[in-house]
Every structure is written in C-alpha cells, then in structure tokens.
Amino acid sequence: MTTADLQDLIERGDQKISHEEFRTWVVAQAIRNALQTFHGCWGLDPDNPASGEGFISDGQMRALNITIRRAVHEALGHADAARQAAARPHHRELSAREREALDFCAFQLGTVHDYMEPPGSPELEEAYQRYVSEPDVNR
C-alpha cells in the first residue's frame, strides 16, 4: 500500500474523515477483526474449542461492533485530553472536559488487574497463542 492508497481510504470518495474518525476506525476494526475468531462457522468457542464453531451470532457481532466503535472513540478522545492536560502546568484550573477525561482514564486504569498481561508484553503474546490462536482442544 502506498500513502496515496491510504489517502484514498481516508477520504472515502468526496468525504474526508477526521483524525479522530481515522484513529477510531483503525483501532475499532482491529478489535472487531480480532473478535472474528469467535464468530461464524470457522470461529472458536474457548469453552469448547474442539467444536470448530464460534459462539457469537451475527446479531451479537453487530451489537459488539457498534459498542466497540463507540467505546474506542470515547476512550481515544479521553486519553488524548488526559495526556494533554497532564502535559500542561499543574497549577492551573482544569476544564470540565479535562476533569472528565482524567476521571475516565483513572476509572479504566483502576479496572486493570494484576493477572492481566500488559499490552505489548511477551506474556500477552504467549497467552494469545495459548488461548486464542492455537487453542488446546483437550481443555
């Protein structure tokens, strides 16, 4: 793919999408495509991997896709606003949007548990290989 090809995808005909839309589409579609592992006849039911079948229906997948796009858009916006607020002088008054972004990020980070593999870590890749991409059909 060339940069011109990417520009064609971003512009989508006569409509140019915003930076926020671009980021949301890329991240949301990556999540959605990863969930395809659990959808459809070639999917994987982690509770019954030997079945060779998925467990997310078309209707459930549609609802998940909508939820993913909305959550990704919200999370990326709040993460950007929180980082920008943190980079500014600490003695100034925060705007309502900045407070909301900081609260959102604090809540999300507060739901991270010790048993969760860190993003980008070898432990996460190992867990993915074990539980998702190469399931143990004898579980």
# chains A, B, ... in the order shown; residues from 1 in each chain; ligands from 1
$ closest_atom_pairs --of "stretch 37-85 of chain A" --to "stretch 23-31 of chain A" --cutoff "12 Å" --atoms "only C-alpha atoms" --output "Markdown table"
| residue | atom | partner | partner_atom | distance |
| --- | --- | --- | --- | --- |
| A:Thr37 | CA | A:Ile31 | CA | 10.6 |
| A:Phe38 | CA | A:Ile31 | CA | 11.9 |
| A:Met61 | CA | A:Ile31 | CA | 11.7 |
| A:Leu64 | CA | A:Ile31 | CA | 10.0 |
| A:Asn65 | CA | A:Ala28 | CA | 7.8 |
| A:Ile66 | CA | A:Ala28 | CA | 9.3 |
| A:Thr67 | CA | A:Ala28 | CA | 9.4 |
| A:Ile68 | CA | A:Ala28 | CA | 5.9 |
| A:Arg69 | CA | A:Ala28 | CA | 5.2 |
| A:Arg70 | CA | A:Thr24 | CA | 8.6 |
| A:Ala71 | CA | A:Ala28 | CA | 8.6 |
| A:Val72 | CA | A:Thr24 | CA | 6.0 |
| A:His73 | CA | A:Thr24 | CA | 5.3 |
| A:Glu74 | CA | A:Thr24 | CA | 8.9 |
| A:Ala75 | CA | A:Thr24 | CA | 9.4 |
| A:Leu76 | CA | A:Thr24 | CA | 7.5 |
| A:Gly77 | CA | A:Thr24 | CA | 9.3 |
| A:Asp80 | CA | A:Arg23 | CA | 11.5 |
$ write_last_selection --atoms "all heavy atoms" --output "tab-separated table (two decimals), in the first residue's frame"
chain	number	residue	atom	x	y	z
A	37	THR	N	-12.47	-14.24	15.35
A	37	THR	CA	-12.02	-15.56	15.81
A	37	THR	C	-13.15	-16.29	16.52
A	37	THR	O	-13.22	-17.52	16.49
A	37	THR	CB	-10.82	-15.40	16.78
A	37	THR	OG1	-9.79	-14.72	16.08
A	37	THR	CG2	-10.32	-16.73	17.27
A	38	PHE	N	-14.04	-15.56	17.16
A	38	PHE	CA	-15.10	-16.16	17.96
A	38	PHE	C	-16.46	-16.14	17.26
A	38	PHE	O	-17.48	-16.44	17.86
A	38	PHE	CB	-15.22	-15.43	19.30
A	38	PHE	CG	-13.92	-15.37	20.02
A	38	PHE	CD1	-13.20	-14.19	20.09
A	38	PHE	CD2	-13.38	-16.50	20.62
A	38	PHE	CE1	-11.99	-14.13	20.75
A	38	PHE	CE2	-12.17	-16.45	21.27
A	38	PHE	CZ	-11.47	-15.27	21.34
A	61	MET	N	-22.66	-10.01	16.97
A	61	MET	CA	-21.48	-9.38	16.39
A	61	MET	C	-21.79	-7.95	15.98
A	61	MET	O	-20.97	-7.05	16.18
A	61	MET	CB	-20.99	-10.21	15.19
A	61	MET	CG	-19.62	-9.86	14.74
A	61	MET	SD	-18.38	-10.34	15.95
A	61	MET	CE	-16.92	-9.70	15.15
A	64	LEU	N	-21.80	-5.91	19.10
A	64	LEU	CA	-20.42	-5.74	19.56
A	64	LEU	C	-19.69	-4.71	18.70
A	64	LEU	O	-18.95	-3.86	19.24
A	64	LEU	CB	-19.66	-7.07	19.49
A	64	LEU	CG	-19.90	-8.03	20.64
A	64	LEU	CD1	-19.25	-9.38	20.34
A	64	LEU	CD2	-19.36	-7.47	21.94
A	65	ASN	N	-19.86	-4.77	17.39
A	65	ASN	CA	-19.19	-3.81	16.50
A	65	ASN	C	-19.57	-2.38	16.82
A	65	ASN	O	-18.73	-1.49	16.87
A	65	ASN	CB	-19.50	-4.12	15.04
A	65	ASN	CG	-18.81	-5.37	14.55
A	65	ASN	OD1	-17.78	-5.77	15.07
A	65	ASN	ND2	-19.39	-6.00	13.54
A	66	ILE	N	-20.85	-2.15	17.05
A	66	ILE	CA	-21.34	-0.80	17.40
A	66	ILE	C	-20.75	-0.38	18.73
A	66	ILE	O	-20.25	0.75	18.88
A	66	ILE	CB	-22.88	-0.79	17.43
A	66	ILE	CG1	-23.42	-0.98	16.01
A	66	ILE	CG2	-23.41	0.49	18.06
A	66	ILE	CD1	-24.90	-1.32	15.97
A	67	THR	N	-20.77	-1.27	19.71
A	67	THR	CA	-20.23	-0.97	21.03
A	67	THR	C	-18.73	-0.69	20.97
A	67	THR	O	-18.23	0.24	21.60
A	67	THR	CB	-20.51	-2.15	21.99
A	67	THR	OG1	-21.92	-2.36	22.04
A	67	THR	CG2	-19.97	-1.88	23.38
A	68	ILE	N	-18.01	-1.47	20.18
A	68	ILE	CA	-16.57	-1.29	20.04
A	68	ILE	C	-16.26	0.08	19.44
A	68	ILE	O	-15.43	0.83	19.98
A	68	ILE	CB	-15.96	-2.40	19.15
A	68	ILE	CG1	-15.98	-3.74	19.90
A	68	ILE	CG2	-14.55	-2.04	18.71
A	68	ILE	CD1	-15.75	-4.94	18.99
A	69	ARG	N	-16.92	0.44	18.35
A	69	ARG	CA	-16.65	1.75	17.73
A	69	ARG	C	-16.92	2.89	18.68
A	69	ARG	O	-16.14	3.83	18.79
A	69	ARG	CB	-17.46	1.91	16.44
A	69	ARG	CG	-16.90	1.14	15.26
A	69	ARG	CD	-17.53	1.55	13.95
A	69	ARG	NE	-18.98	1.40	13.92
A	69	ARG	CZ	-19.61	0.26	13.67
A	69	ARG	NH1	-18.94	-0.85	13.45
A	69	ARG	NH2	-20.93	0.23	13.63
A	70	ARG	N	-18.03	2.80	19.41
A	70	ARG	CA	-18.38	3.86	20.35
A	70	ARG	C	-17.37	3.94	21.50
A	70	ARG	O	-16.91	5.02	21.87
A	70	ARG	CB	-19.79	3.60	20.90
A	70	ARG	CG	-20.32	4.71	21.77
A	70	ARG	CD	-21.77	4.43	22.16
A	70	ARG	NE	-22.32	5.49	22.95
A	70	ARG	CZ	-22.17	5.61	24.26
A	70	ARG	NH1	-21.47	4.70	24.93
A	70	ARG	NH2	-22.71	6.61	24.91
A	71	ALA	N	-17.02	2.79	22.07
A	71	ALA	CA	-16.08	2.77	23.20
A	71	ALA	C	-14.68	3.22	22.78
A	71	ALA	O	-14.02	3.96	23.50
A	71	ALA	CB	-16.02	1.36	23.81
A	72	VAL	N	-14.24	2.79	21.61
A	72	VAL	CA	-12.91	3.18	21.13
A	72	VAL	C	-12.88	4.69	20.90
A	72	VAL	O	-11.93	5.37	21.31
A	72	VAL	CB	-12.53	2.41	19.85
A	72	VAL	CG1	-11.34	3.04	19.14
A	72	VAL	CG2	-12.23	0.95	20.18
A	73	HIS	N	-13.91	5.23	20.26
A	73	HIS	CA	-13.95	6.67	20.01
A	73	HIS	C	-13.91	7.45	21.33
A	73	HIS	O	-13.14	8.41	21.48
A	73	HIS	CB	-15.21	7.02	19.21
A	73	HIS	CG	-15.33	8.47	18.90
A	73	HIS	ND1	-14.55	9.10	17.96
A	73	HIS	CD2	-16.10	9.43	19.43
A	73	HIS	CE1	-14.85	10.37	17.92
A	73	HIS	NE2	-15.79	10.60	18.80
A	74	GLU	N	-14.71	7.02	22.29
A	74	GLU	CA	-14.75	7.68	23.59
A	74	GLU	C	-13.41	7.56	24.30
A	74	GLU	O	-12.88	8.54	24.83
A	74	GLU	CB	-15.87	7.09	24.45
A	74	GLU	CG	-15.98	7.71	25.83
A	74	GLU	CD	-17.08	7.08	26.67
A	74	GLU	OE1	-17.43	5.90	26.44
A	74	GLU	OE2	-17.56	7.77	27.58
A	75	ALA	N	-12.85	6.37	24.33
A	75	ALA	CA	-11.59	6.14	25.04
A	75	ALA	C	-10.44	6.92	24.43
A	75	ALA	O	-9.64	7.53	25.15
A	75	ALA	CB	-11.27	4.64	25.07
A	76	LEU	N	-10.32	6.92	23.11
A	76	LEU	CA	-9.23	7.66	22.47
A	76	LEU	C	-9.37	9.15	22.73
A	76	LEU	O	-8.37	9.83	23.00
A	76	LEU	CB	-9.20	7.38	20.96
A	76	LEU	CG	-8.73	5.99	20.55
A	76	LEU	CD1	-8.89	5.80	19.04
A	76	LEU	CD2	-7.29	5.74	20.97
A	77	GLY	N	-10.58	9.67	22.66
A	77	GLY	CA	-10.79	11.10	22.94
A	77	GLY	C	-10.41	11.46	24.36
A	77	GLY	O	-9.72	12.46	24.61
A	80	ASP	N	-6.54	11.21	24.85
A	80	ASP	CA	-5.86	12.38	24.29
A	80	ASP	C	-6.02	13.60	25.19
A	80	ASP	O	-5.05	14.30	25.47
A	80	ASP	CB	-6.42	12.71	22.90
A	80	ASP	CG	-5.97	11.73	21.83
A	80	ASP	OD1	-5.03	10.95	22.08
A	80	ASP	OD2	-6.58	11.76	20.74
$ atom_distance --atom1 "atom CA of A:Arg88" --atom2 "atom CA of A:Cys105"
16.9 Å
$ select_by_dssp --residues "stretch 20-85 of chain A" --states "alpha helix (DSSP H)" --output "ChimeraX atom specification"
/A:20-35,58-85
$ atom_distance --atom1 "atom CA of A:Gln60" --atom2 "atom CA of A:His39"
9.2 Å
$ atom_distance --atom1 "atom CA of A:Glu53" --atom2 "atom CA of A:Leu35"
13.3 Å
$ closest_residue --among "A:Ala85, A:Pro122, A:Glu11, A:Met116" --to "A:Glu100" --atoms "only C-alpha atoms"
A:Ala85
